2 protein chains.
Amino acid sequence: MLRNKTALLRPIGVIRSALKSRTNAPRQGSEGAPDAWLEIDPRVEDALRGLAAGDEIIVITWFHRSRRDVLEVYPRSDRRNPLTGVFATRSPDRPNPLGLHPVTIRAIDGRRLCVGPIEAIDGTPVVDIKPVLK
Amino acid sequence: MLRNKTALLRPIGVIRSALKSRTNAPRQGSEGAPDAWLEIDPRVEDALRGLAAGDEIIVITWFHRSRRDVLEVYPRSDRRNPLTGVFATRSPDRPNPLGLHPVTIRAIDGRRLCVGPIEAIDGTPVVDIKPVLK
């Protein structure tokens, strides 16, 4: 039933960050992650209208380095934790490796947004941006 | 550069709701939306391990009835509002029509989760589930 309902994600931008590998990246933005630049594709630049420095947004990424066949993990890679389904964790390894990153817009320069703190590594595709609902 | 980086989303479940059309659906879960059942695909059932009634989760859906070519909208379909980029709104019409739904798990019955309140309509594909970080 669901097999025929696949959908094609098309990146709307990319993360430009000093973080270059998953090994060194913090597990959450709040755990000491840096700010990063989000470069938006010129074809969707109009979709940025109304965003401003200071806004809180949710950046949705696609963890392109993740494994999609992992269904259970030891949270925080610590085997003292019980084996847990990935839907009960924030593991980047999961059937559809989407990342949710609540960040603040620090600055906007044309179609480049400086946002942070964000743990996504350099080159991570961005697939959506949403405002935080008050 | 980004053109070759498309990714294939594979639904991990589907929404079963009394809401049958977008026209009648509330705009946000908090605006009077009902509870609904989330039916998880048997192939990813193990990924549910650790979820329990009472948990707060974020359900990520794919708005399969949305338009992907819309970049600007009048928020809440009210032309008195200024024309706004979709990345500054929660419009379901957007380049990658992902929906974020913060909900509470009311009950779990095998691989069916009763969750709510949720404004997604019947038949909406579910692509990920994440716990809310405390």
# chains A, B, ... in the order shown; residues from 1 in each chain; ligands from 1
>>> interface_residues(of="chain B", to="chain A", cutoff="7 Å", atoms="only C-alpha atoms", output="PyMOL selection string")
chain B and resi 2+5-11+44+46-51+71-72+84-90+96+127-131
>>> select_by_dssp(residues="chain B", states="strand (DSSP E)", output="JSON, numbers by chain")
{"B": [7, 8, 9, 13, 14, 15, 16, 36, 37, 38, 39, 40, 56, 57, 58, 59, 60, 61, 62, 72, 73, 84, 85, 98, 99, 100, 101, 102, 103, 104, 105, 106, 107, 108, 109, 112, 113, 114, 115, 116, 125, 126, 127, 128, 129, 130, 131]}
>>> atom_distance(atom1="atom CA of His101 of chain A", atom2="atom CA of Thr61 of chain A")
7.8 Å
>>> residues_around(residues="Pro117 of chain A", least_positions_apart="5", cutoff="9 Å", atoms="only C-alpha atoms", output="ChimeraX atom specification")
/A:28-36,101-104
>>> residues_around(residues="Glu39 of chain A", least_positions_apart="6", cutoff="8 Å", atoms="only C-alpha atoms", output="list in words")
Gly13, Val14, Ile15, Arg16, Arg111, Arg112 and Leu113 of chain A
>>> atom_distance(atom1="atom CA of Ser17 of chain B", atom2="atom CA of Ile121 of chain B")
6.1 Å
>>> select_by_dssp(residues="chain A", states="helix (DSSP H, G or I)", output="ChimeraX atom specification")
/A:22-24,42-48,75-77,86-88
>>> write_last_selection(atoms="N, CA and C atoms", output="PDB file, in the first residue's frame")
ATOM      1  N   ARG A  22      30.833  13.937  10.802  1.00  0.00           N
ATOM      2  CA  ARG A  22      29.883  13.517  11.829  1.00  0.00           C
ATOM      3  C   ARG A  22      30.580  13.191  13.137  1.00  0.00           C
ATOM      4  N   THR A  23      31.811  12.665  13.038  1.00  0.00           N
ATOM      5  CA  THR A  23      32.538  12.243  14.243  1.00  0.00           C
ATOM      6  C   THR A  23      32.718  13.399  15.218  1.00  0.00           C
ATOM      7  N   ASN A  24      33.017  14.575  14.678  1.00  0.00           N
ATOM      8  CA  ASN A  24      33.302  15.717  15.545  1.00  0.00           C
ATOM      9  C   ASN A  24      32.071  16.554  15.892  1.00  0.00           C
ATOM     10  N   PRO A  42      18.953  29.699  -5.707  1.00  0.00           N
ATOM     11  CA  PRO A  42      18.316  30.900  -6.289  1.00  0.00           C
ATOM     12  C   PRO A  42      16.892  30.646  -6.778  1.00  0.00           C
ATOM     13  N   ARG A  43      16.587  29.413  -7.161  1.00  0.00           N
ATOM     14  CA  ARG A  43      15.244  29.128  -7.682  1.00  0.00           C
ATOM     15  C   ARG A  43      14.140  29.269  -6.641  1.00  0.00           C
ATOM     16  N   VAL A  44      14.504  29.210  -5.350  1.00  0.00           N
ATOM     17  CA  VAL A  44      13.468  29.323  -4.311  1.00  0.00           C
ATOM     18  C   VAL A  44      13.692  30.548  -3.421  1.00  0.00           C
ATOM     19  N   GLU A  45      14.508  31.491  -3.909  1.00  0.00           N
ATOM     20  CA  GLU A  45      14.847  32.663  -3.087  1.00  0.00           C
ATOM     21  C   GLU A  45      13.604  33.436  -2.632  1.00  0.00           C
ATOM     22  N   ASP A  46      12.583  33.512  -3.494  1.00  0.00           N
ATOM     23  CA  ASP A  46      11.372  34.264  -3.136  1.00  0.00           C
ATOM     24  C   ASP A  46      10.687  33.704  -1.881  1.00  0.00           C
ATOM     25  N   ALA A  47      10.922  32.424  -1.586  1.00  0.00           N
ATOM     26  CA  ALA A  47      10.275  31.796  -0.427  1.00  0.00           C
ATOM     27  C   ALA A  47      10.848  32.301   0.894  1.00  0.00           C
ATOM     28  N   LEU A  48      11.931  33.103   0.845  1.00  0.00           N
ATOM     29  CA  LEU A  48      12.539  33.653   2.064  1.00  0.00           C
ATOM     30  C   LEU A  48      11.863  34.944   2.526  1.00  0.00           C
ATOM     31  N   PRO A  75      20.925   4.570  22.663  1.00  0.00           N
ATOM     32  CA  PRO A  75      20.950   6.042  22.664  1.00  0.00           C
ATOM     33  C   PRO A  75      22.318   6.597  23.055  1.00  0.00           C
ATOM     34  N   ARG A  76      22.716   7.606  22.333  1.00  0.00           N
ATOM     35  CA  ARG A  76      23.998   8.286  22.501  1.00  0.00           C
ATOM     36  C   ARG A  76      25.174   7.316  22.363  1.00  0.00           C
ATOM     37  N   SER A  77      24.954   6.224  21.580  1.00  0.00           N
ATOM     38  CA  SER A  77      25.993   5.218  21.311  1.00  0.00           C
ATOM     39  C   SER A  77      26.582   4.636  22.588  1.00  0.00           C
ATOM     40  N   VAL A  86      14.491   3.739  16.763  1.00  0.00           N
ATOM     41  CA  VAL A  86      14.975   5.064  16.338  1.00  0.00           C
ATOM     42  C   VAL A  86      13.882   6.131  16.395  1.00  0.00           C
ATOM     43  N   PHE A  87      12.597   5.724  16.317  1.00  0.00           N
ATOM     44  CA  PHE A  87      11.528   6.726  16.407  1.00  0.00           C
ATOM     45  C   PHE A  87      11.389   7.279  17.832  1.00  0.00           C
ATOM     46  N   ALA A  88      12.007   6.615  18.810  1.00  0.00           N
ATOM     47  CA  ALA A  88      12.021   7.128  20.184  1.00  0.00           C
ATOM     48  C   ALA A  88      13.329   7.841  20.487  1.00  0.00           C
TER      49      ALA A  88
END
>>> atom_distance(atom1="atom CA of Asp109 of chain B", atom2="atom CA of Thr124 of chain B")
19.7 Å
